[in-house]
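Participant: After the structure tokens below, expect a handful of questions from me.
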2 protein chains.
Amino acid sequence: MVTLLQTLHALLTPFPPLPSSYLVTIATPCLISPVIFKATSCRGSGSGGKVSSFTKFPHLAGTEQNLHLAKQIQAQWKEFGLDSAELVHYDVLLSYPNETQPNYVSIIDDQGNEIFNTSLFETPPQGYENITGVLPPYNAFSAQGVPEADLVYVNYGRTEDFFKLEREIGINCTGKIVIARYGKIFRGNKVKNAILAGAKGIILYSDPADYCAPGVDPYPNGWNLPGGGVQRGNVLNLNGAGDPLTPGYPAKEYTFRSEVDEGVGIPKIPVHPIGYHDAEILLRILGGPAAPDNSWRGNLNVSYNIGPGFAGSYSIRKVRMHVHTHNKITRIYNVIGTISGAEEPDRYIILGGHRDSWVFGGIDPTTGAAVLQEVARSFGKMMMEGWRPKRTIIFASWDAEEFGLLGSTEWAESKPLKKDFPVCVWFSGNYTLRVDCSPLLYKLVYNLTEEIASPDEDYEGKSLYESWLEKDPSTESKSHPRINKLGSGSDFEAYFQRLGITSGRARYTKNRRADKFSNYPVYHTVYETFELVERFYDPTFMKQLTVAQLRGGLVYELADSQVIPFNCQDYGEALRKYTNRIYNLTKKHEEQVETYRVSFGPLFSAVMNFTEAAADFHRRLKEVDVNNPIAVRIMNDQLMFVERAFIDPLGLPGRKFYRHIVFAPSSHNKYAGESFPGIYDAVFDIENKADQRKAWEEVKRQISIAAFTVQAAAGTLKDVA
Amino acid sequence: MVTLLQTLHALLTPFPPLPSSYLVTIATPCLISPVIFKATSCRGSGSGGKVSSFTKFPHLAGTEQNLHLAKQIQAQWKEFGLDSAELVHYDVLLSYPNETQPNYVSIIDDQGNEIFNTSLFETPPQGYENITGVLPPYNAFSAQGVPEADLVYVNYGRTEDFFKLEREIGINCTGKIVIARYGKIFRGNKVKNAILAGAKGIILYSDPADYCAPGVDPYPNGWNLPGGGVQRGNVLNLNGAGDPLTPGYPAKEYTFRSEVDEGVGIPKIPVHPIGYHDAEILLRILGGPAAPDNSWRGNLNVSYNIGPGFAGSYSIRKVRMHVHTHNKITRIYNVIGTISGAEEPDRYIILGGHRDSWVFGGIDPTTGAAVLQEVARSFGKMMMEGWRPKRTIIFASWDAEEFGLLGSTEWAESKPLKKDFPVCVWFSGNYTLRVDCSPLLYKLVYNLTEEIASPDEDYEGKSLYESWLEKDPSTESKSHPRINKLGSGSDFEAYFQRLGITSGRARYTKNRRADKFSNYPVYHTVYETFELVERFYDPTFMKQLTVAQLRGGLVYELADSQVIPFNCQDYGEALRKYTNRIYNLTKKHEEQVETYRVSFGPLFSAVMNFTEAAADFHRRLKEVDVNNPIAVRIMNDQLMFVERAFIDPLGLPGRKFYRHIVFAPSSHNKYAGESFPGIYDAVFDIENKADQRKAWEEVKRQISIAAFTVQAAAGTLKDVA
């Protein structure tokens, strides 16, 4: 076991970046190399059917181009030596702009004349001018419509922004069109908040404050967002449902579909995204109160007024949105590859990443897809040399992630899954490692990063763990690098949040303290090209190599260790931390806590029981008779069921597909993870709830559910009979 | 393996009934003997702490007497040699009559004077006159109230009875008090129907047509119901929720409880049960239309008019109900005993039965509880002789079954269960065997009954299988005895219908073709005594011995066979039968099926896939390397997951705790099992639904869910990697 991992690492000498190779390097001698990424993500064309084109063309879900890529990956996986590689299709609801009626936003004068229209497309980057299939920027699943109304600026469109607008500034959004800047939270939450506030439509734009780093040029001279660049993205509020028309069931040919107007999470108002050049013009027409404080001001050359009450030269100005985007049931394709386990073929480790891209997908998803290819190739190579893992490994190239994690969720809905470990990544920066995972994996991640060389400048000879720790230490204890809670926003969601399958993701990311911009600036624009990565993000491809080493190492250890390398004691520690946090949050309402007799005692007590059961379990685990395969499997089954035990079959209130009691995507920002989400949501804004008794009873109910669930999880760790 | 089962059977020579022994026969040499039943169910008192009193006192859930019995059983199980025996408590909502304000029904004249009152208690049987703790007849969880209204006779109070009343006879029950006879369906469904019809109260009575066999004397001279005997019973519509205040979670000290008025399934109207002497007087005051046909007429000396429009000598007569029953959160106790498995201690077989009784519980539950004791004693004896099963066996003496299966459901809610086989029985007749179980168990049940001697008169030298087949052959094929679908009405419910754990029950029962009476006549009355069983039902206790042999044999084979003796091909056959049945039911609506394009194709196709997967699985199972414990466990896990695969996490429409797609308690009668309940309920009475398109879309949705679920179950049987 150790020998093989050491071999793997020894073979991982950094390659010099190849000048501009187009050949797939199946035959290279190294196990995990940067070459595949170069090849898979390069946009050049080559010969012999061995040429990849992961970023040469757009690979939007539901298009011929993305099916073609699926077939290419399937063929490659077979060549790599996987036991099988299949296309698995679903017919899901997707959303496309109307080809003949473009989407845009107008400013209209009091005669109804459109005196300004936003641009209909992004200027393509050099060399991509003649590529077909580049769709103009749009927000998938927007309602159709041509609403006309006064415009209101709502900052990021967060819950707290709308609270401030309504409660402090005194502006009512009912019947208005609102304009929100991208960033901070998932765009679907902005749209939901706008709908709750009564808006008739919502415009999303990228403010330079959030999408331009100081001193950096716009692409192609730098990696900042150009003024005409526009972030695409879906605006669903699926809450984990997958295909909006088949919640809970896979979208196969025979599956019953609800009508689109009863589909899950589809907004009832038009939504349209624009760039900051256009936004500047729209924002100029705003009058009314000024932005309340600096947190409401971006970096445009406007005064950031809120509206309504326009200050322009026309007596009346409104905006009119034109949105003709339509929904369409469309076939999508996951590629599923397997390596059957030699000893426990009925236990599965999934390594997945999505394949579909909004346009060229230079970063999202190709940095992830290339790592997936490279890991598959490396495992294939090890197979050819006679190795086979104890447990089954599944590789998944998911489709339609961009449309609401559809491919991965439909596959999760299709199969009774027993044990899986889905890992999903892509890249979002080049500063340091970022890992989000279940506490069961903390130790394994730390151990693996200690064995991987840091790819960072000025960290020669140091481990990934060392550079990571220095650049992003944990807030609570400076002795470990930060690991984040799992929220959503990627394909692990159905596996972790719905099914309770231990999950994680790993990527390279920006400097969270220094870099104020959201994500990477050109995210989901036409400017996400291979050249972006090659010129600015990872010229040596060493950082992607590093991520491949970590992901490959995780899969390897999980699939081949005799005892599954999960650590339950870290879960106990995390539970303690989260319990303290939610307890402290509630303490702000001391009077009510006393009046309604809210006690966290049972939860603290359950966490203590879990901690003790975990310690005892790991003591027994050390003594397990490793020559008794059933005894080992029994304890492995217990490890596997710990995460599952945190699943409440009844789900969280109003979010039946989010069933993990310890973690959920935040109700206010799908991207972020919230701990003890049931309690958190019950306490949120509780002071403004009309029926205080009822509100606090709900807090008590949620504490009771959390306490029971933690206690039941402790029970799974007890000696079995 | 075979040797031990043979030993068991060889030792099972029928005992002559002991005259009136009070001693627990722990030391008797036979493994499964009738002696325990004699001892446990006898009402005499003895010496030395070894005396049982299962039927000497009332053992109502929540009483001191029932806790005492729990402790006694716990002590006995320890004595028998089980590895552990514990009391596991819950605090659940129970319901008791008010001690100072009795419940009754009055006839009132136009002055409001009560000119007749129903009796306040049953005359106790001889020898039981001075026993304390006998509660008067009541319907647990009735609402309190003193409603006064015209009386309407609603026959059995079934869905079809109310349909006939409203649609054909033209009587509206809104604001009326209705009187329904017991029988045919679960009483809770009658109450639900009355509430849906708008009734202000409901009186339940036992008609001689349903509770007196022709030519049989009332108890104590025969086993018929005396005129003053009254059936008790709860009238909840829990739909599997367990404790009404803690649906989905165990009712522990720290558990959040909803307010009683938000409790699950608690009726909002008063309900009261009466005997047929009182019923005769009430029914005499009815005028109005005569009962529409013979199916509406019982055997009382009245004309079975429907009402309203009274025919008595007073100008106006109404009835007034007095119900003061109150709900109370009360502690209950399950007794849980275990024998740890030697090889797979993390796989469990549960043998359970309830302990609580409405009064003495001569039949219900003591015939079942005695069998449980006897099986526990026998296994204990085998343990003392050095045996230990491969898998863990759990014995469960459930509490508060009579109040809605509360003890068993709360326990199911408490533990993350991996594999269990709950068996629950009691006795309801002496004619032949009755088995209700999952199709996975058909073969095992048939095999075991072939090895058990028939206890029936005139079947000397024949097997139980032979007498059973002759007396109750299957309707479809005369070559097998009938096995019924699992509905509810007993403690397997949470395990099978909610969790998808393979389950079964076995009892001796009446002649379904000849005996028209419901259940056994004195069911849930004070006349259910030990003497009833000893004099009329099972004087030699041989029939209970037979049931013990079958139940013990089932547990033994499931716990100790290397390969779990489930047969998946029988499930395929059952699915085919159920699919044909529901398809034929839908065919009655040929026009709509065509208009709305309703197709059963996907379901038939999924069933065919399941059938093929099952055949293939059993082929592979024959070839499994029995010397590879992991290989065997993998296939056993697959067998275990077949039933689980029929669980839909989203549950049936409106019944989230009934999650088995193939079986559910009927929506119209909790006692009965319905196959493909989602489709059945969608089609039920569909011709009377207002929106036909919507109604048929729901049928299509349910077919889609069934097809997917069967297909997924087929998937679990496929080769694992």
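In the structure tokens, each chain is lettered A, B, ... as it comes, each chain's residues begin at 1, and ligands are numbered from 1 in order of appearance.
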Considering only C-alpha atoms, extract the chain A residues located within 6 Å of chain B and return them as a count of residues only.

Facilitator: 9

Participant: Skipping near chain neighbours, those fewer than 6 positions away, what residues fall within 8 Å of Asn511 of chain A using only C-alpha atoms, listed as an MDAnalysis selection string?

Facilitator: chainID A and resid 431:432 471

Participant: Between atom CA of Gly337 of chain B and atom CA of Gly553 of chain B, what is the distance, to one decimal in Å?

Facilitator: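 Spanning atom CA of Gly337 of chain B to atom CA of Gly553 of chain B is a straight-line distance of 18.1 Å.
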
Participant: So, counting only C-alpha atoms, which residue among B:Gln76, B:Thr611, B:Thr540, B:Asn584 is closest to Asp570 of chain B?

Facilitator: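 Selected residue with least distance to Asp570 of chain B: B:Thr611.
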
Participant: Write out as a VMD selection string each polymer residue whose atoms come within 8 Å of Lys543 of chain A, counting only C-alpha atoms; drop sequence neighbours fewer than 2 positions from it.

Facilitator: chain A and resid 430 455 to 456 508 538 540 to 541 545 to 547

Participant: I need the chosen residues saved as a PDB file, in the first residue's frame, with N, CA, C and O atoms.

Facilitator:
ATOM      1  N   ASN A 430      -4.808  30.706  -8.044  1.00  0.00           N
ATOM      2  CA  ASN A 430      -3.481  30.096  -8.080  1.00  0.00           C
ATOM      3  C   ASN A 430      -2.674  30.407  -6.830  1.00  0.00           C
ATOM      4  O   ASN A 430      -1.473  30.309  -6.822  1.00  0.00           O
ATOM      5  N   PRO A 455       3.628  23.423  -4.937  1.00  0.00           N
ATOM      6  CA  PRO A 455       3.940  23.980  -6.251  1.00  0.00           C
ATOM      7  C   PRO A 455       4.111  25.497  -6.183  1.00  0.00           C
ATOM      8  O   PRO A 455       4.334  26.131  -7.203  1.00  0.00           O
ATOM      9  N   ASP A 456       3.988  26.070  -4.993  1.00  0.00           N
ATOM     10  CA  ASP A 456       3.957  27.534  -4.894  1.00  0.00           C
ATOM     11  C   ASP A 456       5.345  28.144  -5.007  1.00  0.00           C
ATOM     12  O   ASP A 456       6.341  27.556  -4.564  1.00  0.00           O
ATOM     13  N   TYR A 508      -7.286  24.747  -6.289  1.00  0.00           N
ATOM     14  CA  TYR A 508      -6.415  25.868  -5.984  1.00  0.00           C
ATOM     15  C   TYR A 508      -7.240  27.132  -6.086  1.00  0.00           C
ATOM     16  O   TYR A 508      -8.133  27.239  -6.929  1.00  0.00           O
ATOM     17  N   ASP A 538      -1.745  29.211 -14.351  1.00  0.00           N
ATOM     18  CA  ASP A 538      -0.919  28.057 -14.011  1.00  0.00           C
ATOM     19  C   ASP A 538       0.015  27.732 -15.168  1.00  0.00           C
ATOM     20  O   ASP A 538      -0.073  26.659 -15.766  1.00  0.00           O
ATOM     21  N   THR A 540       2.920  26.707 -15.533  1.00  0.00           N
ATOM     22  CA  THR A 540       3.670  25.449 -15.508  1.00  0.00           C
ATOM     23  C   THR A 540       2.739  24.244 -15.330  1.00  0.00           C
ATOM     24  O   THR A 540       3.192  23.113 -15.364  1.00  0.00           O
ATOM     25  N   PHE A 541       1.494  24.510 -15.117  1.00  0.00           N
ATOM     26  CA  PHE A 541       0.506  23.462 -14.826  1.00  0.00           C
ATOM     27  C   PHE A 541       0.838  22.680 -13.564  1.00  0.00           C
ATOM     28  O   PHE A 541       0.291  21.617 -13.316  1.00  0.00           O
ATOM     29  N   LEU A 545      -1.303  19.916 -11.366  1.00  0.00           N
ATOM     30  CA  LEU A 545      -0.655  18.654 -11.018  1.00  0.00           C
ATOM     31  C   LEU A 545      -0.832  18.374  -9.525  1.00  0.00           C
ATOM     32  O   LEU A 545      -1.169  17.261  -9.108  1.00  0.00           O
ATOM     33  N   THR A 546      -0.641  19.411  -8.729  1.00  0.00           N
ATOM     34  CA  THR A 546      -0.764  19.252  -7.281  1.00  0.00           C
ATOM     35  C   THR A 546      -2.173  18.814  -6.883  1.00  0.00           C
ATOM     36  O   THR A 546      -2.353  17.911  -6.056  1.00  0.00           O
ATOM     37  N   VAL A 547      -3.164  19.449  -7.499  1.00  0.00           N
ATOM     38  CA  VAL A 547      -4.542  19.064  -7.203  1.00  0.00           C
ATOM     39  C   VAL A 547      -4.792  17.619  -7.634  1.00  0.00           C
ATOM     40  O   VAL A 547      -5.440  16.837  -6.929  1.00  0.00           O
TER      41      VAL A 547
END

Participant: Which residues, written as a PyMOL selection string, have at least one atom at most 7 Å from Arg181 of chain A, with only C-alpha atoms counted and residues fewer than 4 positions away on the same chain left out?

Facilitator: chain A and resi 155-156+204-207

Participant: Quick one: pick out all alpha helix (DSSP H) residues within segment 444-529 of chain B from a backbone DSSP run and write them as a list in words.

Facilitator: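 Put together, the selection reads Leu444, Val445, Tyr446, Asn447, Leu448, Thr449, Glu450, Leu464, Tyr465, Glu466, Ser467, Trp468, Leu469, Glu470, Lys471 and Glu493 of chain B.
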
Participant: Take atom CA of Ala194 of chain A and atom CA of Leu94 of chain A and report the distance between them in Å, one decimal.

Facilitator: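 Computed distance, atom CA of Ala194 of chain A to atom CA of Leu94 of chain A, equals 22.4 Å.
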
Participant: Ranking A:Ala70, A:Ile349, A:Val92, A:Leu433 by minimum distance to Arg512 of chain A and counting only C-alpha atoms, which one comes first?

Facilitator: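 Among A:Ala70, A:Ile349, A:Val92, A:Leu433, it is A:Leu433 that comes nearest to Arg512 of chain A.
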
Participant: Residues within 12 Å of Leu236 of chain A, please, as a CSV table (one decimal) with C-alpha atoms, in the first residue's frame. Count only C-alpha atoms; anything in the same chain fewer than 6 positions from it doesn't count.

Facilitator:
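Saved the output as selection-v7.csv:
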chain,number,residue,atom,x,y,z
A,93,LEU,CA,-35.1,20.6,-18.5
A,94,LEU,CA,-32.5,23.0,-19.9
A,95,SER,CA,-32.8,26.6,-20.9
A,139,ASN,CA,-29.4,33.6,-17.1
A,140,ALA,CA,-30.7,30.1,-17.6
A,141,PHE,CA,-34.3,29.4,-16.6
A,142,SER,CA,-35.2,33.1,-16.5
A,143,ALA,CA,-38.9,33.6,-17.1
A,186,PHE,CA,-25.2,32.4,-5.4
A,187,ARG,CA,-27.1,34.3,-8.0
A,188,GLY,CA,-30.2,32.1,-7.6
A,189,ASN,CA,-30.5,33.4,-4.0
A,190,LYS,CA,-30.5,37.0,-5.4
A,191,VAL,CA,-33.3,36.2,-7.7
A,192,LYS,CA,-35.3,34.5,-5.0
A,242,GLY,CA,-32.0,18.0,-9.7
A,243,ASP,CA,-34.0,18.2,-12.9
A,244,PRO,CA,-36.8,20.6,-12.1
A,263,GLY,CA,-41.2,22.8,-12.0
A,264,VAL,CA,-39.0,23.1,-8.9
A,265,GLY,CA,-37.2,26.4,-8.4
A,266,ILE,CA,-37.9,28.1,-11.7
A,267,PRO,CA,-38.2,31.9,-11.2
A,268,LYS,CA,-41.4,33.5,-12.2
A,269,ILE,CA,-39.7,36.8,-13.3
A,271,VAL,CA,-33.6,37.8,-15.1
A,402,GLU,CA,-24.2,24.5,-15.0
A,403,PHE,CA,-28.0,24.0,-15.2
A,404,GLY,CA,-28.4,23.0,-11.6
A,405,LEU,CA,-26.1,20.0,-11.0
A,406,LEU,CA,-28.4,18.0,-13.1
A,489,GLY,CA,-22.5,24.8,-6.0
A,670,LYS,CA,-26.3,28.2,-1.8

Participant: Contacts of Thr525 of chain B at 6 Å or less, counting only C-alpha atoms, minus same-chain residues fewer than 2 places along, as a list in words?

Facilitator: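 Everything that qualifies: Gly229, Val230, Gln231, Val522, Tyr523, Tyr527 and Glu528 of chain B.
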
Participant: Could you turn the residues from that selection into a file that holds all heavy atoms, as a CSV table (one decimal), in the first residue's frame?

Facilitator:
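Output contents, as saved in part.csv:
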chain,number,residue,atom,x,y,z
B,229,GLY,N,-70.8,-7.0,26.1
B,229,GLY,CA,-69.3,-6.9,25.7
B,229,GLY,C,-69.1,-5.8,24.7
B,229,GLY,O,-69.9,-5.6,23.8
B,230,VAL,N,-68.0,-5.1,24.9
B,230,VAL,CA,-67.7,-3.9,24.1
B,230,VAL,C,-66.2,-3.9,23.6
B,230,VAL,O,-65.3,-4.1,24.5
B,230,VAL,CB,-68.0,-2.6,24.8
B,230,VAL,CG1,-67.7,-1.4,23.9
B,230,VAL,CG2,-69.4,-2.5,25.4
B,231,GLN,N,-66.1,-3.8,22.4
B,231,GLN,CA,-64.7,-3.7,21.8
B,231,GLN,C,-64.0,-2.4,22.1
B,231,GLN,O,-64.5,-1.3,21.7
B,231,GLN,CB,-64.8,-4.0,20.3
B,231,GLN,CG,-63.4,-4.0,19.6
B,231,GLN,CD,-63.5,-4.0,18.1
B,231,GLN,OE1,-62.8,-3.2,17.4
B,231,GLN,NE2,-64.2,-4.9,17.6
B,522,VAL,N,-64.9,-11.9,21.0
B,522,VAL,CA,-64.7,-11.1,22.2
B,522,VAL,C,-63.5,-10.3,22.2
B,522,VAL,O,-63.1,-9.7,23.2
B,522,VAL,CB,-64.7,-12.0,23.5
B,522,VAL,CG1,-66.0,-12.8,23.6
B,522,VAL,CG2,-63.5,-13.0,23.5
B,523,TYR,N,-62.9,-10.1,21.0
B,523,TYR,CA,-61.8,-9.2,20.8
B,523,TYR,C,-61.8,-7.9,21.5
B,523,TYR,O,-62.8,-7.2,21.4
B,523,TYR,CB,-61.7,-9.0,19.3
B,523,TYR,CG,-60.8,-8.0,18.7
B,523,TYR,CD1,-59.4,-8.1,18.7
B,523,TYR,CD2,-61.3,-6.8,18.1
B,523,TYR,CE1,-58.6,-7.2,18.2
B,523,TYR,CE2,-60.5,-5.8,17.6
B,523,TYR,CZ,-59.1,-6.0,17.6
B,523,TYR,OH,-58.3,-5.1,17.1
B,527,TYR,N,-63.8,-10.1,28.2
B,527,TYR,CA,-64.0,-11.5,28.2
B,527,TYR,C,-62.8,-12.3,27.5
B,527,TYR,O,-62.9,-13.5,27.4
B,527,TYR,CB,-65.3,-11.9,27.5
B,527,TYR,CG,-66.5,-11.1,28.2
B,527,TYR,CD1,-67.1,-10.1,27.5
B,527,TYR,CD2,-66.8,-11.4,29.5
B,527,TYR,CE1,-68.1,-9.4,28.1
B,527,TYR,CE2,-67.8,-10.7,30.1
B,527,TYR,CZ,-68.5,-9.7,29.4
B,527,TYR,OH,-69.5,-9.0,30.1
B,528,GLU,N,-61.8,-11.5,27.1
B,528,GLU,CA,-60.6,-12.1,26.6
B,528,GLU,C,-59.8,-12.6,27.7
B,528,GLU,O,-58.9,-11.9,28.2
B,528,GLU,CB,-59.8,-11.1,25.8
B,528,GLU,CG,-59.9,-11.3,24.3
B,528,GLU,CD,-58.8,-10.5,23.6
B,528,GLU,OE1,-57.6,-10.8,23.9
B,528,GLU,OE2,-59.1,-9.6,22.9

Participant: Take atom CA of Arg551 of chain A and atom CA of Lys390 of chain A and report the distance between them in Å, one decimal.

Facilitator: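 That distance, rounded to one decimal, is 17.7 Å.
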
Participant: Quick one: of A:Lys381, A:Lys200, A:Lys485, A:Arg693, who's nearest to Trp77 of chain A, counting only C-alpha atoms?

Facilitator: A:Lys381

Participant: Could you pull out the residues in segment 353-546 of chain A that DSSP calls strand (DSSP E) from the backbone, as number ranges by chain?

Facilitator: A: 353-354, 391-398, 432-437, 504-509
